[in-house]
Structure formats: C-alpha cells, structure tokens
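Pasted below: structure_20.tsv, TSV, C-alpha atoms.
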```tsv
chain	number	residue	atom	x	y	z
A	1	MET	CA	158.31	-65.99	111.00
A	2	LYS	CA	155.66	-68.71	111.13
A	3	ILE	CA	153.70	-69.90	108.11
A	4	GLY	CA	150.73	-67.62	108.86
A	5	GLU	CA	152.97	-64.56	108.75
A	6	LEU	CA	154.54	-65.75	105.48
A	7	ALA	CA	151.04	-66.21	104.07
A	8	ARG	CA	150.02	-62.67	105.11
A	9	ARG	CA	153.19	-61.08	103.72
A	10	THR	CA	152.89	-62.79	100.35
A	11	GLY	CA	149.11	-63.02	99.96
A	12	CYS	CA	149.42	-66.77	99.60
A	13	GLN	CA	147.26	-69.41	101.26
A	14	VAL	CA	148.91	-71.56	103.94
A	15	GLU	CA	147.96	-74.76	102.10
A	16	THR	CA	149.51	-73.40	98.90
A	17	ILE	CA	152.75	-72.68	100.74
A	18	ARG	CA	152.80	-76.26	102.03
A	19	TYR	CA	152.06	-77.50	98.51
A	20	TYR	CA	154.98	-75.54	97.07
A	21	GLU	CA	157.19	-77.04	99.77
A	22	ARG	CA	156.05	-80.57	98.87
A	23	GLU	CA	156.68	-79.82	95.19
A	24	GLY	CA	160.21	-78.66	95.98
A	25	LEU	CA	159.66	-75.08	94.86
A	26	LEU	CA	160.17	-73.70	98.36
A	27	PRO	CA	163.01	-75.03	100.49
A	28	ALA	CA	162.07	-76.72	103.73
A	29	PRO	CA	162.05	-74.15	106.52
A	30	ALA	CA	163.86	-74.46	109.82
A	31	ARG	CA	161.79	-75.79	112.73
A	32	SER	CA	161.27	-74.25	116.15
A	33	ARG	CA	161.54	-76.23	119.38
A	34	GLY	CA	157.76	-76.62	119.18
A	35	ASN	CA	158.19	-78.00	115.62
A	36	TYR	CA	156.68	-74.91	113.96
A	37	ARG	CA	157.95	-74.02	110.51
A	38	LEU	CA	160.17	-70.92	110.66
A	39	TYR	CA	160.56	-68.89	107.48
A	40	GLY	CA	162.91	-66.07	106.59
A	41	GLY	CA	163.31	-63.32	104.05
A	42	ALA	CA	164.58	-65.77	101.42
A	43	HIS	CA	161.28	-67.63	101.63
A	44	VAL	CA	159.33	-64.39	101.17
A	45	GLU	CA	161.43	-63.50	98.14
A	46	ARG	CA	161.15	-66.97	96.57
A	47	LEU	CA	157.41	-67.24	97.22
A	48	THR	CA	156.89	-63.78	95.72
A	49	PHE	CA	158.79	-64.96	92.62
A	50	ILE	CA	156.63	-68.11	92.40
A	51	ARG	CA	153.41	-66.14	92.84
A	52	HIS	CA	154.45	-63.72	90.08
A	53	CYS	CA	155.09	-66.67	87.76
A	54	ARG	CA	151.72	-68.21	88.64
A	55	ALA	CA	150.04	-64.86	87.92
A	56	LEU	CA	151.54	-65.19	84.43
A	57	ASP	CA	149.89	-68.65	84.20
A	58	MET	CA	153.17	-70.55	84.22
A	59	THR	CA	153.17	-74.23	85.06
A	60	LEU	CA	155.02	-75.62	88.05
A	61	GLY	CA	157.50	-77.16	85.62
A	62	GLU	CA	158.21	-73.79	84.05
A	63	ILE	CA	158.57	-72.21	87.47
A	64	ARG	CA	160.91	-75.00	88.57
A	65	THR	CA	163.08	-74.31	85.51
A	66	LEU	CA	163.12	-70.56	86.15
A	67	LEU	CA	164.00	-71.13	89.82
A	68	MET	CA	166.86	-73.41	88.79
A	69	HIS	CA	168.24	-70.64	86.57
A	70	ARG	CA	167.71	-68.10	89.33
A	71	ASP	CA	169.57	-70.34	91.78
A	72	HIS	CA	172.43	-70.77	89.29
A	73	PRO	CA	173.09	-67.30	87.85
A	74	GLU	CA	176.12	-68.56	85.92
A	75	ARG	CA	173.82	-70.52	83.58
A	76	ASP	CA	172.98	-69.32	80.08
A	77	CYS	CA	169.99	-66.98	79.93
A	78	ALA	CA	169.01	-68.32	76.47
A	79	GLU	CA	167.08	-71.17	78.12
A	80	VAL	CA	165.03	-68.63	80.08
A	81	ASP	CA	164.33	-66.73	76.85
A	82	ALA	CA	163.26	-69.95	75.12
A	83	LEU	CA	160.95	-70.85	78.00
A	84	ILE	CA	159.26	-67.46	77.87
A	85	ASP	CA	158.98	-67.65	74.06
A	86	ALA	CA	157.27	-71.05	74.38
A	87	HIS	CA	154.94	-69.66	77.04
A	88	ILE	CA	154.04	-66.75	74.76
A	89	GLY	CA	153.17	-69.36	72.11
A	90	HIS	CA	150.84	-71.10	74.59
A	91	VAL	CA	149.18	-67.77	75.40
A	92	GLU	CA	148.73	-66.95	71.70
A	93	ASN	CA	147.15	-70.37	71.15
A	94	ARG	CA	144.76	-69.79	74.03
A	95	LEU	CA	143.85	-66.35	72.67
A	96	ALA	CA	142.96	-67.96	69.32
A	97	GLN	CA	140.85	-70.57	71.13
A	98	LEU	CA	139.09	-67.87	73.14
A	99	GLU	CA	138.38	-65.85	70.00
A	100	SER	CA	136.89	-68.95	68.40
A	101	LEU	CA	134.80	-69.54	71.53
A	102	ARG	CA	133.62	-65.92	71.44
A	103	GLY	CA	132.48	-66.38	67.84
A	104	ALA	CA	130.58	-69.55	68.76
A	105	LEU	CA	128.88	-67.79	71.68
A	106	LEU	CA	127.94	-64.79	69.51
A	107	GLU	CA	126.46	-67.15	66.94
A	108	LEU	CA	124.53	-68.94	69.69
A	109	ARG	CA	123.29	-65.64	71.10
A	110	ALA	CA	122.01	-64.62	67.66
A	111	ARG	CA	119.60	-67.60	67.73
A	112	CYS	CA	117.28	-65.91	70.23
A	113	ARG	CA	115.67	-62.46	70.38
A	114	GLY	CA	114.73	-62.84	74.05
A	115	ASP	CA	111.13	-61.75	73.58
A	116	GLY	CA	109.23	-65.03	73.95
A	117	GLY	CA	108.85	-67.95	76.27
A	118	THR	CA	111.70	-70.34	76.84
A	119	GLN	CA	109.83	-72.99	74.85
A	120	ASP	CA	110.73	-70.88	71.77
A	121	CYS	CA	114.29	-70.02	72.83
A	122	GLY	CA	116.73	-70.66	70.00
A	123	ILE	CA	119.66	-70.79	72.42
A	124	LEU	CA	118.10	-73.58	74.48
A	125	ARG	CA	117.04	-75.42	71.31
A	126	GLU	CA	120.58	-75.22	69.90
A	127	LEU	CA	122.17	-76.34	73.16
A	128	ALA	CA	119.93	-79.42	73.13
A	129	GLN	CA	121.55	-80.55	69.87
A	130	PRO	CA	124.53	-82.96	70.09
A	131	ALA	CA	127.86	-81.18	69.95
A	132	ASP	CA	129.82	-81.79	66.75
A	133	GLU	CA	132.88	-83.30	68.37
A	134	GLU	CA	134.59	-83.82	65.02
A	135	GLY	CA	134.96	-80.07	64.85
A	136	GLY	CA	132.74	-79.65	61.76
A	137	ASP	CA	130.38	-76.78	62.51
A	138	ALA	CA	131.51	-75.99	66.05
A	139	PRO	CA	135.02	-74.72	66.75
A	140	PRO	CA	137.09	-76.99	69.02
A	141	SER	CA	136.84	-74.45	71.81
A	142	ALA	CA	133.05	-74.67	71.71
A	143	VAL	CA	133.16	-78.44	72.26
A	144	GLU	CA	135.65	-78.49	75.11
A	145	HIS	CA	136.18	-76.07	77.99
A	146	ILE	CA	139.24	-73.87	77.59
A	147	GLY	CA	141.52	-74.11	80.58
A	148	GLY	CA	144.88	-72.45	81.11
A	149	THR	CA	147.48	-71.72	78.49
A	150	HIS	CA	148.89	-75.24	78.42
A	151	SER	CA	147.51	-78.48	77.07
A	152	HIS	CA	146.96	-81.12	79.72
```

Could I get this file's structure written as structure tokens?
Amino acid sequence: MKIGELARRTGCQVETIRYYEREGLLPAPARSRGNYRLYGGAHVERLTFIRHCRALDMTLGEIRTLLMHRDHPERDCAEVDALIDAHIGHVENRLAQLESLRGALLELRARCRGDGGTQDCGILRELAQPADEEGGDAPPSAVEHIGGTHSH
C-alpha cells in the first residue's frame, strides 16, 4: 500500500509517518518502480503500536525502547516494567502540577464577581501584577505553562 493508504488505515498524518521513518521508529518501506513508498502489514502493526504509545503521552525515546524490546522478545521484561513505572511517575507529577494550577485558577477566579465593568475586574488587575517566579505566592505551575508528562 502507498503512504496515503497507511495513513487512512492508522489514522496517522502522512507527514507524521515520514517523521517516524526519519526518526527510525518505522523501517524504511520498499519502493515501487515509480519510487513510491510501499508499506505492508508490518508497517500498519508497528505504526498502530507507536500511535498507542503516543496516546499514552510517551516520548519518542520511550517508544524507541519499547520497540527495541518488542523486536527482541528474548530480552528481559523488567526494563519494560521500569520504563512504565517511570512514566507513571511523570504522569503523577503532571497531575500534581495540574492540581496546583487548578487551585491558582480558582483563586484567580474568586477575585472577580463578574458584575461590573472590566475596569474593576479583579482577575484582570491580578493578571497585571508581575508573576512571582521564585514560587512564593504562585505555584510553579501558575508561572510556567504545563506541557506533557516529561520535563524538557
């Protein structure tokens, strides 16, 4: 099948498929006489695996490690367990950050009743104040946007 068909079957964008190829997560496909990429069932299976990992917010490095273990079934599964345990730790950390962010937003929301002009809005007044980047009054998650589960 050509790349468009692979994209349709897996729900993955064509550019993402090419990216995974460049990153070495997907093996290079065979080429047709017209130099089109030709994919098979193994590509569908591998891309489905990668997409499932990405849906769980795993990094490309984590996925690469899991694929290596998948490609070498004789390897010890303890490394896979350790990787998932570490990922759970990242998720728990993000949940704590999000809870802190929620508290900061609720506190901000409490600064305005919403029944006056914006010149009297406590939310806008508070947002005009410099952020406490030392982490004093504002939680770290209120100072910096929370991304995925991993530090960058």

Open item on the list: With distances taken over all atoms listed in the file, which residue among A:Arg22, A:Pro29, A:Tyr39, A:Leu98 lies nearest Gly4 in chain A?
Closed with: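 Ranking A:Arg22, A:Pro29, A:Tyr39, A:Leu98 by distance to Gly4 in chain A, first place goes to A:Tyr39.
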
Open item on the list: Could you tell me how far CA of Thr10 in chain A sits from CA of Val44 in chain A, in Å to one decimal place?
Closed with: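 So the answer is 6.7 Å.
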
- [ ] Compile the contact shell of range 40-43 of chain A as a ChimeraX atom specification: residues with an atom at most 10 Å away, counting only C-alpha atoms, same-chain residues fewer than 3 positions apart removed.
- [x] /A:1-2,6,10,17,26-30,46-49

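Computed from the coordinates, the CA of Glu79 in chain A to CA of Asn93 in chain A distance equals 21.1 Å.
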
Task: Point-to-point distance from CA of Val80 in chain A to CA of Glu92 in chain A, Å rounded to tenths - done: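 So the two atoms, CA of Val80 in chain A and CA of Glu92 in chain A, lie 18.4 Å apart.
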
- [ ] May I have the residues within 10 Å of range 66-74 of chain A as a list in words, using only C-alpha atoms and disregarding those fewer than 2 positions away in the same chain?
- [x]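 Counting only C-alpha atoms, the residues come to Leu25, Leu26, Arg46, Phe49, Ile50, Cys53, Leu60, Gly61, Glu62, Ile63, Arg64, Asp76, Cys77, Glu79, Val80, Leu83 and Ile84 of chain A.
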
Open item on the list: Between A:Ala104, A:Ala110, A:Ala78, A:Cys12, which residue has the minimum interatomic distance to Arg51 in chain A, considering all atoms listed in the file?
Closed with: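 Selected residue with least distance to Arg51 in chain A: A:Cys12.
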
Range 37-45 of chain A, all listed atoms, 6 Å padding on each side: what axis-aligned box centre and edge lengths in Å to one decimal come out, as AutoDock Vina command-line options?
```
--center_x 161.3 --center_y -68.7 --center_z 104.4 --size_x 18.6 --size_y 22.7 --size_z 24.5
```

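Using all atoms listed in the file, the nearest neighbour of Ser32 in chain A within the list A:Ile3, A:Glu126, A:Gly11, A:Arg113 is A:Ile3.
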